[in-house]
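K.L.:
What follows is protein-v1.tsv, made up of TSV, C-alpha atoms:
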```tsv
chain	number	residue	atom	x	y	z
X	1	MET	CA	-9.00	22.09	4.07
X	2	ALA	CA	-12.16	20.12	4.96
X	3	TYR	CA	-12.04	17.21	7.39
X	4	SER	CA	-14.57	14.46	7.90
X	5	LEU	CA	-15.37	12.80	11.21
X	6	PHE	CA	-13.41	9.81	9.88
X	7	ASP	CA	-10.29	11.96	9.55
X	8	ILE	CA	-10.58	13.26	13.11
X	9	ALA	CA	-11.82	10.23	15.03
X	10	GLY	CA	-10.18	7.51	12.97
X	11	PRO	CA	-11.62	4.22	11.69
X	12	ILE	CA	-13.42	1.43	13.53
X	13	MET	CA	-10.37	-0.29	14.89
X	14	ILE	CA	-8.66	-2.53	17.37
X	15	GLY	CA	-6.42	-0.35	19.58
X	16	PRO	CA	-4.56	0.82	21.38
X	17	SER	CA	-3.52	3.54	18.92
X	18	SER	CA	-4.95	4.86	15.67
X	19	SER	CA	-1.46	5.94	14.56
X	20	HIS	CA	0.57	2.96	15.75
X	21	THR	CA	-2.04	0.25	15.21
X	22	ALA	CA	-4.76	1.17	12.68
X	23	GLY	CA	-2.39	3.16	10.44
X	24	ALA	CA	0.07	0.28	10.58
X	25	VAL	CA	-2.62	-2.18	9.45
X	26	LYS	CA	-3.27	0.01	6.41
X	27	ILE	CA	0.41	0.15	5.51
X	28	GLY	CA	0.42	-3.64	5.63
X	29	GLN	CA	-2.74	-3.88	3.53
X	30	PHE	CA	-1.37	-1.58	0.85
X	31	SER	CA	2.03	-3.31	0.83
X	32	ARG	CA	0.29	-6.63	0.23
X	33	ALA	CA	-1.86	-5.14	-2.56
X	34	ILE	CA	1.16	-3.65	-4.33
X	35	PHE	CA	3.15	-6.90	-4.00
X	36	ASP	CA	0.08	-8.81	-5.24
X	37	LYS	CA	1.00	-12.09	-3.56
X	38	THR	CA	1.18	-13.52	-0.08
X	39	PRO	CA	4.87	-13.16	0.78
X	40	SER	CA	6.90	-16.01	2.22
X	41	LYS	CA	9.25	-13.62	4.01
X	42	ILE	CA	8.83	-10.05	5.27
X	43	THR	CA	11.39	-7.78	6.87
X	44	PHE	CA	10.08	-4.67	8.61
X	45	TYR	CA	12.58	-1.85	9.12
X	46	MET	CA	11.02	0.24	11.88
X	47	HIS	CA	11.83	3.97	11.93
X	48	GLY	CA	11.35	6.62	14.61
X	49	SER	CA	8.53	6.04	17.10
X	50	PHE	CA	7.55	2.88	15.22
X	51	ALA	CA	10.89	1.45	16.34
X	52	ASN	CA	10.49	2.62	19.92
X	53	VAL	CA	6.90	1.60	20.76
X	54	THR	CA	6.30	-1.25	18.34
X	55	ALA	CA	5.49	-3.98	20.89
X	56	GLY	CA	3.65	-1.78	23.38
X	57	HIS	CA	1.25	-0.43	20.74
X	58	ALA	CA	1.06	-3.72	18.78
X	59	THR	CA	2.53	-2.01	15.70
X	60	ASP	CA	4.38	-5.21	14.82
X	61	LYS	CA	1.22	-7.30	14.92
X	62	ALA	CA	-0.75	-4.61	13.07
X	63	LEU	CA	1.70	-4.45	10.15
X	64	LEU	CA	1.75	-8.22	9.84
X	65	ALA	CA	-2.05	-8.42	10.13
X	66	GLY	CA	-2.49	-5.91	7.31
X	67	ILE	CA	-0.28	-7.94	5.02
X	68	MET	CA	-2.52	-10.94	5.79
X	69	LYS	CA	-5.52	-8.80	4.71
X	70	LEU	CA	-7.02	-8.31	8.17
X	71	LYS	CA	-9.11	-5.16	8.64
X	72	THR	CA	-8.42	-2.49	11.27
X	73	SER	CA	-11.45	-3.76	13.24
X	74	ASP	CA	-10.46	-7.45	13.21
X	75	PRO	CA	-9.92	-8.85	16.73
X	76	ASN	CA	-7.49	-11.37	15.23
X	77	ILE	CA	-4.86	-8.63	14.94
X	78	LYS	CA	-3.64	-9.75	18.36
X	79	ASN	CA	-3.08	-13.24	16.89
X	80	ALA	CA	-1.06	-12.01	13.90
X	81	PHE	CA	2.12	-13.88	14.85
X	82	LYS	CA	0.23	-17.15	15.19
X	83	LEU	CA	-1.62	-16.60	11.92
X	84	ALA	CA	1.63	-15.84	10.09
X	85	HIS	CA	3.13	-19.07	11.42
X	86	GLN	CA	0.08	-21.00	10.18
X	87	GLN	CA	0.49	-19.43	6.74
X	88	HIS	CA	4.25	-20.23	6.72
X	89	ILE	CA	5.18	-16.55	6.56
X	90	LYS	CA	8.59	-15.71	8.01
X	91	TYR	CA	8.96	-12.21	9.43
X	92	GLU	CA	11.54	-10.06	11.17
X	93	PHE	CA	11.45	-6.59	12.75
X	94	LYS	CA	14.57	-4.42	12.74
X	95	LYS	CA	15.20	-0.91	14.02
X	96	THR	CA	16.56	1.57	11.50
X	97	ASP	CA	16.90	5.27	10.73
X	98	LEU	CA	15.42	6.18	7.36
X	99	GLY	CA	16.45	9.81	7.71
X	100	PRO	CA	14.87	13.09	8.85
X	101	SER	CA	12.64	13.47	5.78
X	102	TYR	CA	10.35	10.66	6.94
X	103	HIS	CA	7.50	10.88	9.45
X	104	PRO	CA	8.36	9.33	12.86
X	105	ASN	CA	5.71	6.61	12.31
X	106	THR	CA	7.38	5.06	9.27
X	107	VAL	CA	8.37	1.56	8.20
X	108	LYS	CA	10.19	0.07	5.23
X	109	VAL	CA	8.57	-3.23	4.29
X	110	VAL	CA	10.62	-5.71	2.26
X	111	LEU	CA	8.50	-8.50	0.78
X	112	GLU	CA	9.84	-11.69	-0.76
X	113	ALA	CA	8.24	-14.74	-2.38
X	114	GLN	CA	9.56	-17.57	-4.51
X	115	GLY	CA	9.52	-16.77	-8.22
X	116	LYS	CA	8.82	-13.08	-7.66
X	117	LYS	CA	11.02	-9.98	-7.52
X	118	LYS	CA	11.70	-8.65	-4.05
X	119	MET	CA	9.79	-5.43	-3.39
X	120	GLU	CA	10.50	-2.59	-0.96
X	121	ILE	CA	7.73	-0.27	0.21
X	122	ILE	CA	8.03	2.66	2.61
X	123	GLY	CA	4.85	3.77	4.38
X	124	SER	CA	4.01	6.28	7.10
X	125	SER	CA	1.12	6.40	9.56
X	126	ILE	CA	0.13	10.06	9.63
X	127	GLY	CA	-2.55	10.15	12.36
X	128	GLY	CA	-6.18	9.30	12.91
X	129	GLY	CA	-5.76	5.86	11.36
X	130	SER	CA	-4.64	7.37	8.04
X	131	ALA	CA	-1.47	6.34	6.27
X	132	LYS	CA	0.44	7.00	3.09
X	133	ILE	CA	2.84	5.11	0.88
X	134	CYS	CA	5.99	7.16	0.26
X	135	LYS	CA	8.12	4.86	-1.84
X	136	ILE	CA	7.78	1.74	-4.00
X	137	ASN	CA	11.21	0.24	-4.67
X	138	ASP	CA	13.28	3.23	-5.84
X	139	PHE	CA	10.28	5.32	-6.92
X	140	ASP	CA	9.02	8.19	-4.77
X	141	VAL	CA	5.21	8.27	-4.58
X	142	ASP	CA	2.48	9.89	-2.49
X	143	ILE	CA	-0.37	7.42	-2.08
X	144	LYS	CA	-2.83	8.20	0.69
X	145	ALA	CA	-4.08	5.02	2.33
X	146	VAL	CA	-7.41	6.37	3.58
X	147	ALA	CA	-10.24	3.84	3.47
X	148	GLY	CA	-13.01	4.58	1.00
X	149	LYS	CA	-11.59	7.90	-0.21
X	150	TYR	CA	-9.27	7.06	-3.08
X	151	LYS	CA	-9.11	4.59	-5.96
X	152	TYR	CA	-5.50	4.14	-7.00
X	153	LEU	CA	-3.90	2.27	-9.87
X	154	VAL	CA	-0.15	1.71	-9.63
X	155	ILE	CA	1.28	1.08	-13.09
X	156	SER	CA	4.84	-0.05	-13.76
X	157	HIS	CA	5.88	0.48	-17.39
X	158	GLY	CA	8.59	1.47	-19.83
X	159	ASN	CA	9.67	5.06	-20.25
X	160	ASP	CA	7.40	5.73	-23.23
X	161	THR	CA	4.61	8.31	-23.12
X	162	ALA	CA	2.65	6.25	-25.66
X	163	VAL	CA	2.13	3.56	-23.00
X	164	LEU	CA	0.53	6.04	-20.61
X	165	SER	CA	-1.62	7.41	-23.44
X	166	ASP	CA	-2.89	3.88	-24.18
X	167	VAL	CA	-3.70	3.36	-20.50
X	168	MET	CA	-5.76	6.56	-20.34
X	169	LYS	CA	-7.63	5.62	-23.53
X	170	HIS	CA	-8.54	2.24	-22.04
X	171	ILE	CA	-9.75	3.84	-18.80
X	172	THR	CA	-11.85	6.33	-20.76
X	173	ASN	CA	-13.42	3.48	-22.70
X	174	PHE	CA	-14.33	1.70	-19.46
X	175	GLY	CA	-16.59	4.68	-18.72
X	176	LYS	CA	-17.79	6.45	-15.55
X	177	PHE	CA	-14.29	7.26	-14.34
X	178	ARG	CA	-12.66	10.62	-13.77
X	179	ILE	CA	-8.90	10.78	-13.51
X	180	ALA	CA	-8.49	12.99	-10.45
X	181	GLY	CA	-4.71	12.97	-10.44
X	182	ILE	CA	-1.62	11.42	-11.98
X	183	GLN	CA	1.90	11.19	-10.58
X	184	SER	CA	4.77	9.66	-12.51
X	185	THR	CA	8.39	9.09	-11.61
X	186	HIS	CA	11.07	7.52	-13.74
X	187	ILE	CA	14.48	5.97	-13.26
X	188	ASN	CA	16.50	5.44	-16.42
X	189	ASP	CA	14.20	3.66	-18.87
X	190	HIS	CA	11.52	2.68	-16.39
X	191	MET	CA	8.50	4.55	-15.03
X	192	LEU	CA	6.05	4.14	-12.18
X	193	THR	CA	2.74	5.93	-12.65
X	194	VAL	CA	0.07	6.33	-9.99
X	195	MET	CA	-3.47	7.24	-11.10
X	196	ASN	CA	-6.13	8.49	-8.71
X	197	LEU	CA	-9.55	7.61	-10.12
X	198	GLU	CA	-12.97	8.83	-9.06
X	199	GLY	CA	-16.17	7.06	-10.05
X	200	ARG	CA	-17.50	3.55	-9.94
X	201	ASP	CA	-15.74	0.44	-8.64
X	202	LEU	CA	-13.02	-1.24	-10.68
X	203	TYR	CA	-13.42	-4.70	-12.16
X	204	LEU	CA	-10.76	-7.39	-12.30
X	205	TYR	CA	-11.12	-7.83	-16.06
X	206	GLU	CA	-10.41	-4.11	-16.56
X	207	VAL	CA	-7.09	-4.32	-14.72
X	208	LEU	CA	-6.20	-7.45	-16.69
X	209	GLU	CA	-6.97	-5.57	-19.92
X	210	LEU	CA	-4.59	-2.80	-18.90
X	211	GLU	CA	-1.83	-5.35	-18.23
X	212	LYS	CA	-2.08	-6.50	-21.87
X	213	ILE	CA	-0.90	-3.11	-23.15
X	214	HIS	CA	2.55	-3.31	-24.72
X	215	GLY	CA	5.19	-1.91	-22.37
X	216	ILE	CA	3.27	-2.58	-19.14
X	217	GLU	CA	5.12	-4.59	-16.49
X	218	PHE	CA	2.24	-4.71	-13.99
X	219	VAL	CA	-0.91	-2.90	-12.87
X	220	ARG	CA	-2.04	-2.96	-9.24
X	221	SER	CA	-5.34	-1.73	-7.89
X	222	LEU	CA	-5.14	-0.49	-4.30
X	223	THR	CA	-8.90	-0.82	-3.85
X	224	ARG	CA	-11.00	-3.95	-3.90
X	225	LEU	CA	-11.75	-5.26	-7.39
X	226	GLU	CA	-15.20	-6.48	-8.43
X	227	HIS	CA	-15.43	-9.75	-10.35
```
Translate this file's structure into structure tokens.
P.N.:
Amino acid sequence: MAYSLFDIAGPIMIGPSSSHTAGAVKIGQFSRAIFDKTPSKITFYMHGSFANVTAGHATDKALLAGIMKLKTSDPNIKNAFKLAHQQHIKYEFKKTDLGPSYHPNTVKVVLEAQGKKKMEIIGSSIGGGSAKICKINDFDVDIKAVAGKYKYLVISHGNDTAVLSDVMKHITNFGKFRIAGIQSTHINDHMLTVMNLEGRDLYLYEVLELEKIHGIEFVRSLTRLEH
């Protein structure tokens, strides 16, 4: 396996810890992107070492800062509680045990907003400022939250292979994309599909076009969209 300097040294970041601070910011960023709205209430269920060192390593502030779209290098991470208050975001941190299958640096993030379904996301900080999303609601996923390396689309849709076929046709028509990987999980009549794309940047109108496909509940891009 090849590693870049970024993997070893971690990102440009506000400390004290790449695992407990920078990785936590990324979990927050990705949770916010998947939820696709500024939440009015967030409950963080802190597992393992996240539960034990959260205040000392500013993990609590880092998670909250990521949800408010702050970058790992933003000095305002230390002001996350104040910023959340200004944005009328309620938050709570609770200790929990998610089980031995999860990395020690793991958190379950429960996001709520008026007029929107509650969403649960489990993410782990896996070292060097890298993170991954392990679960979205009841769906097991493996989404690596490494800046600049992956372009992910998270697609919630009915349990019909024709829907996924239509999505891939649309992406092919957009041009200059290569589908590097697909993972799908289903529960009863519902599916969650994660696509890893390589190529040019995504545009907002392209994601909106995908959401028009019959059977699609939502499409979320976990990288910045061009307008």
K.L.:
With only C-alpha atoms as the basis for distance, which of X:Ile216, X:Asp138, X:Leu204, X:Ile155 is at the shortest distance from Ile187 in chain X?
P.N.:
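Result for the nearest residue to Ile187 in chain X: X:Asp138.
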K.L.:
Quick one, how far is CA of His190 in chain X from CA of Lys151 in chain X?
P.N.:
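So the two atoms, CA of His190 in chain X and CA of Lys151 in chain X, lie 23.2 Å apart.
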K.L.:
Need to verify the contact set: range 191-199 of chain X, 7 Å, all atoms listed in the file, exclusion of same-chain residues closer than 2 positions in sequence. Can you return it as a PDB file with C-alpha atoms, in the frame of the given file?
P.N.:
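Produced file selection.pdb, reproduced below:
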```
ATOM      1  CA  PHE X 139      10.280   5.320  -6.920  1.00  0.00           C
ATOM      2  CA  TYR X 150      -9.270   7.060  -3.080  1.00  0.00           C
ATOM      3  CA  LYS X 151      -9.110   4.590  -5.960  1.00  0.00           C
ATOM      4  CA  TYR X 152      -5.500   4.140  -7.000  1.00  0.00           C
ATOM      5  CA  LEU X 153      -3.900   2.270  -9.870  1.00  0.00           C
ATOM      6  CA  VAL X 154      -0.150   1.710  -9.630  1.00  0.00           C
ATOM      7  CA  ILE X 155       1.280   1.080 -13.090  1.00  0.00           C
ATOM      8  CA  SER X 156       4.840  -0.050 -13.760  1.00  0.00           C
ATOM      9  CA  HIS X 157       5.880   0.480 -17.390  1.00  0.00           C
ATOM     10  CA  GLY X 158       8.590   1.470 -19.830  1.00  0.00           C
ATOM     11  CA  ASN X 159       9.670   5.060 -20.250  1.00  0.00           C
ATOM     12  CA  LYS X 176     -17.790   6.450 -15.550  1.00  0.00           C
ATOM     13  CA  PHE X 177     -14.290   7.260 -14.340  1.00  0.00           C
ATOM     14  CA  ARG X 178     -12.660  10.620 -13.770  1.00  0.00           C
ATOM     15  CA  ILE X 179      -8.900  10.780 -13.510  1.00  0.00           C
ATOM     16  CA  ALA X 180      -8.490  12.990 -10.450  1.00  0.00           C
ATOM     17  CA  GLY X 181      -4.710  12.970 -10.440  1.00  0.00           C
ATOM     18  CA  ILE X 182      -1.620  11.420 -11.980  1.00  0.00           C
ATOM     19  CA  GLN X 183       1.900  11.190 -10.580  1.00  0.00           C
ATOM     20  CA  SER X 184       4.770   9.660 -12.510  1.00  0.00           C
ATOM     21  CA  THR X 185       8.390   9.090 -11.610  1.00  0.00           C
ATOM     22  CA  HIS X 186      11.070   7.520 -13.740  1.00  0.00           C
ATOM     23  CA  ILE X 187      14.480   5.970 -13.260  1.00  0.00           C
ATOM     24  CA  ASP X 189      14.200   3.660 -18.870  1.00  0.00           C
ATOM     25  CA  ASP X 201     -15.740   0.440  -8.640  1.00  0.00           C
TER      26      ASP X 201
END
```
K.L.:
Select, from X:Asp97, X:Glu92, X:Glu217, X:Asp36, the residue with the minimum atom-to-atom distance to Lys61 in chain X, counting all atoms listed in the file.
P.N.:
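When distances to Lys61 in chain X are compared using all atoms listed in the file, the smallest one comes from X:Glu92.
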K.L.:
What does the structure give for the distance between CA of Val207 in chain X and CA of Ser31 in chain X, in Å to one decimal?
P.N.:
18.1 Å
K.L.:
So what do you get for CA of Gly23 in chain X versus CA of Asp74 in chain X, distance-wise?
P.N.:
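A separation of 13.6 Å between them.
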K.L.:
For Ile143 in chain X, which residue out of X:Gly215, X:Gly48, X:Val25, X:Ile121 is the nearest one, using all atoms listed in the file?
P.N.:
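Checking each candidate against Ile143 in chain X, we get X:Ile121 as the closest.
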K.L.:
Of the residues X:Met46, X:Ile34, X:Ala65, X:Gly115, which is the one nearest to Val219 in chain X, using all atoms listed in the file?
P.N.:
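Looking at the shortest contact to Val219 in chain X, the residue is X:Ile34.
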K.L.:
Name the residues within 10 Å of (-2.8, -1.1, 9.1), counting all atoms listed in the file in the file's coordinates, and put them as a PyMOL selection string.
P.N.:
chain X and resi 13+18-31+59+61-67+69-73+77+125+129-131+145
K.L.:
Which residue gives the smallest distance to Glu211 in chain X among X:Val167, X:Cys134, X:Glu112, X:Thr161, with all atoms listed in the file counted?
P.N.:
X:Val167
K.L.:
Mind writing range 78-108 of chain X to a file for me, with N, CA and C atoms, as a PDB file, in the first residue's frame?
P.N.:
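So part.pdb came out as:
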```pdb
ATOM      1  N   LYS X  78     -11.837  26.589  18.243  1.00  0.00           N
ATOM      2  CA  LYS X  78     -11.874  26.771  19.707  1.00  0.00           C
ATOM      3  C   LYS X  78     -13.117  27.534  20.153  1.00  0.00           C
ATOM      4  N   ASN X  79     -13.772  28.230  19.226  1.00  0.00           N
ATOM      5  CA  ASN X  79     -14.978  29.008  19.534  1.00  0.00           C
ATOM      6  C   ASN X  79     -16.248  28.287  19.095  1.00  0.00           C
ATOM      7  N   ALA X  80     -16.166  26.985  18.862  1.00  0.00           N
ATOM      8  CA  ALA X  80     -17.296  26.245  18.286  1.00  0.00           C
ATOM      9  C   ALA X  80     -18.561  26.345  19.134  1.00  0.00           C
ATOM     10  N   PHE X  81     -18.423  26.286  20.447  1.00  0.00           N
ATOM     11  CA  PHE X  81     -19.608  26.356  21.306  1.00  0.00           C
ATOM     12  C   PHE X  81     -20.307  27.703  21.152  1.00  0.00           C
ATOM     13  N   LYS X  82     -19.508  28.759  21.121  1.00  0.00           N
ATOM     14  CA  LYS X  82     -20.066  30.104  20.960  1.00  0.00           C
ATOM     15  C   LYS X  82     -20.734  30.249  19.600  1.00  0.00           C
ATOM     16  N   LEU X  83     -20.086  29.749  18.559  1.00  0.00           N
ATOM     17  CA  LEU X  83     -20.642  29.845  17.209  1.00  0.00           C
ATOM     18  C   LEU X  83     -21.958  29.066  17.093  1.00  0.00           C
ATOM     19  N   ALA X  84     -22.012  27.896  17.727  1.00  0.00           N
ATOM     20  CA  ALA X  84     -23.239  27.101  17.703  1.00  0.00           C
ATOM     21  C   ALA X  84     -24.381  27.849  18.390  1.00  0.00           C
ATOM     22  N   HIS X  85     -24.065  28.499  19.493  1.00  0.00           N
ATOM     23  CA  HIS X  85     -25.075  29.296  20.199  1.00  0.00           C
ATOM     24  C   HIS X  85     -25.584  30.426  19.301  1.00  0.00           C
ATOM     25  N   GLN X  86     -24.677  31.079  18.597  1.00  0.00           N
ATOM     26  CA  GLN X  86     -25.066  32.167  17.693  1.00  0.00           C
ATOM     27  C   GLN X  86     -25.950  31.674  16.553  1.00  0.00           C
ATOM     28  N   GLN X  87     -25.732  30.425  16.129  1.00  0.00           N
ATOM     29  CA  GLN X  87     -26.524  29.853  15.045  1.00  0.00           C
ATOM     30  C   GLN X  87     -27.753  29.090  15.551  1.00  0.00           C
ATOM     31  N   HIS X  88     -28.016  29.197  16.854  1.00  0.00           N
ATOM     32  CA  HIS X  88     -29.185  28.560  17.497  1.00  0.00           C
ATOM     33  C   HIS X  88     -29.167  27.038  17.311  1.00  0.00           C
ATOM     34  N   ILE X  89     -27.976  26.453  17.411  1.00  0.00           N
ATOM     35  CA  ILE X  89     -27.821  25.012  17.326  1.00  0.00           C
ATOM     36  C   ILE X  89     -27.685  24.447  18.736  1.00  0.00           C
ATOM     37  N   LYS X  90     -28.597  23.577  19.114  1.00  0.00           N
ATOM     38  CA  LYS X  90     -28.506  22.894  20.408  1.00  0.00           C
ATOM     39  C   LYS X  90     -27.662  21.636  20.237  1.00  0.00           C
ATOM     40  N   TYR X  91     -26.856  21.326  21.234  1.00  0.00           N
ATOM     41  CA  TYR X  91     -25.984  20.162  21.122  1.00  0.00           C
ATOM     42  C   TYR X  91     -25.803  19.511  22.495  1.00  0.00           C
ATOM     43  N   GLU X  92     -25.492  18.231  22.455  1.00  0.00           N
ATOM     44  CA  GLU X  92     -25.283  17.475  23.687  1.00  0.00           C
ATOM     45  C   GLU X  92     -24.284  16.363  23.403  1.00  0.00           C
ATOM     46  N   PHE X  93     -23.404  16.098  24.360  1.00  0.00           N
ATOM     47  CA  PHE X  93     -22.411  15.036  24.246  1.00  0.00           C
ATOM     48  C   PHE X  93     -22.697  13.986  25.316  1.00  0.00           C
ATOM     49  N   LYS X  94     -22.783  12.727  24.882  1.00  0.00           N
ATOM     50  CA  LYS X  94     -23.064  11.634  25.802  1.00  0.00           C
ATOM     51  C   LYS X  94     -22.045  10.517  25.595  1.00  0.00           C
ATOM     52  N   LYS X  95     -21.640   9.879  26.674  1.00  0.00           N
ATOM     53  CA  LYS X  95     -20.762   8.725  26.571  1.00  0.00           C
ATOM     54  C   LYS X  95     -21.589   7.484  26.257  1.00  0.00           C
ATOM     55  N   THR X  96     -21.033   6.618  25.409  1.00  0.00           N
ATOM     56  CA  THR X  96     -21.736   5.389  25.058  1.00  0.00           C
ATOM     57  C   THR X  96     -20.722   4.308  24.711  1.00  0.00           C
ATOM     58  N   ASP X  97     -21.204   3.099  24.527  1.00  0.00           N
ATOM     59  CA  ASP X  97     -20.386   1.981  24.051  1.00  0.00           C
ATOM     60  C   ASP X  97     -21.068   1.424  22.804  1.00  0.00           C
ATOM     61  N   LEU X  98     -20.472   1.652  21.653  1.00  0.00           N
ATOM     62  CA  LEU X  98     -21.043   1.208  20.394  1.00  0.00           C
ATOM     63  C   LEU X  98     -20.667  -0.231  20.055  1.00  0.00           C
ATOM     64  N   GLY X  99     -19.838  -0.837  20.898  1.00  0.00           N
ATOM     65  CA  GLY X  99     -19.468  -2.231  20.682  1.00  0.00           C
ATOM     66  C   GLY X  99     -18.044  -2.389  20.198  1.00  0.00           C
ATOM     67  N   PRO X 100     -17.491  -3.600  20.313  1.00  0.00           N
ATOM     68  CA  PRO X 100     -16.075  -3.833  20.008  1.00  0.00           C
ATOM     69  C   PRO X 100     -15.721  -3.755  18.530  1.00  0.00           C
ATOM     70  N   SER X 101     -16.703  -3.750  17.652  1.00  0.00           N
ATOM     71  CA  SER X 101     -16.398  -3.719  16.215  1.00  0.00           C
ATOM     72  C   SER X 101     -15.972  -2.334  15.744  1.00  0.00           C
ATOM     73  N   TYR X 102     -16.194  -1.317  16.567  1.00  0.00           N
ATOM     74  CA  TYR X 102     -15.875   0.047  16.160  1.00  0.00           C
ATOM     75  C   TYR X 102     -14.512   0.498  16.689  1.00  0.00           C
ATOM     76  N   HIS X 103     -13.846   1.314  15.899  1.00  0.00           N
ATOM     77  CA  HIS X 103     -12.579   1.934  16.273  1.00  0.00           C
ATOM     78  C   HIS X 103     -12.773   2.732  17.568  1.00  0.00           C
ATOM     79  N   PRO X 104     -11.740   2.813  18.432  1.00  0.00           N
ATOM     80  CA  PRO X 104     -11.885   3.572  19.685  1.00  0.00           C
ATOM     81  C   PRO X 104     -12.250   5.052  19.470  1.00  0.00           C
ATOM     82  N   ASN X 105     -11.816   5.632  18.341  1.00  0.00           N
ATOM     83  CA  ASN X 105     -12.129   7.048  18.083  1.00  0.00           C
ATOM     84  C   ASN X 105     -13.388   7.142  17.224  1.00  0.00           C
ATOM     85  N   THR X 106     -14.522   6.825  17.826  1.00  0.00           N
ATOM     86  CA  THR X 106     -15.774   6.746  17.066  1.00  0.00           C
ATOM     87  C   THR X 106     -16.869   7.556  17.757  1.00  0.00           C
ATOM     88  N   VAL X 107     -17.764   8.091  16.937  1.00  0.00           N
ATOM     89  CA  VAL X 107     -18.896   8.852  17.453  1.00  0.00           C
ATOM     90  C   VAL X 107     -20.126   8.558  16.595  1.00  0.00           C
ATOM     91  N   LYS X 108     -21.267   8.469  17.275  1.00  0.00           N
ATOM     92  CA  LYS X 108     -22.550   8.438  16.566  1.00  0.00           C
ATOM     93  C   LYS X 108     -23.146   9.834  16.641  1.00  0.00           C
TER      94      LYS X 108
END
```
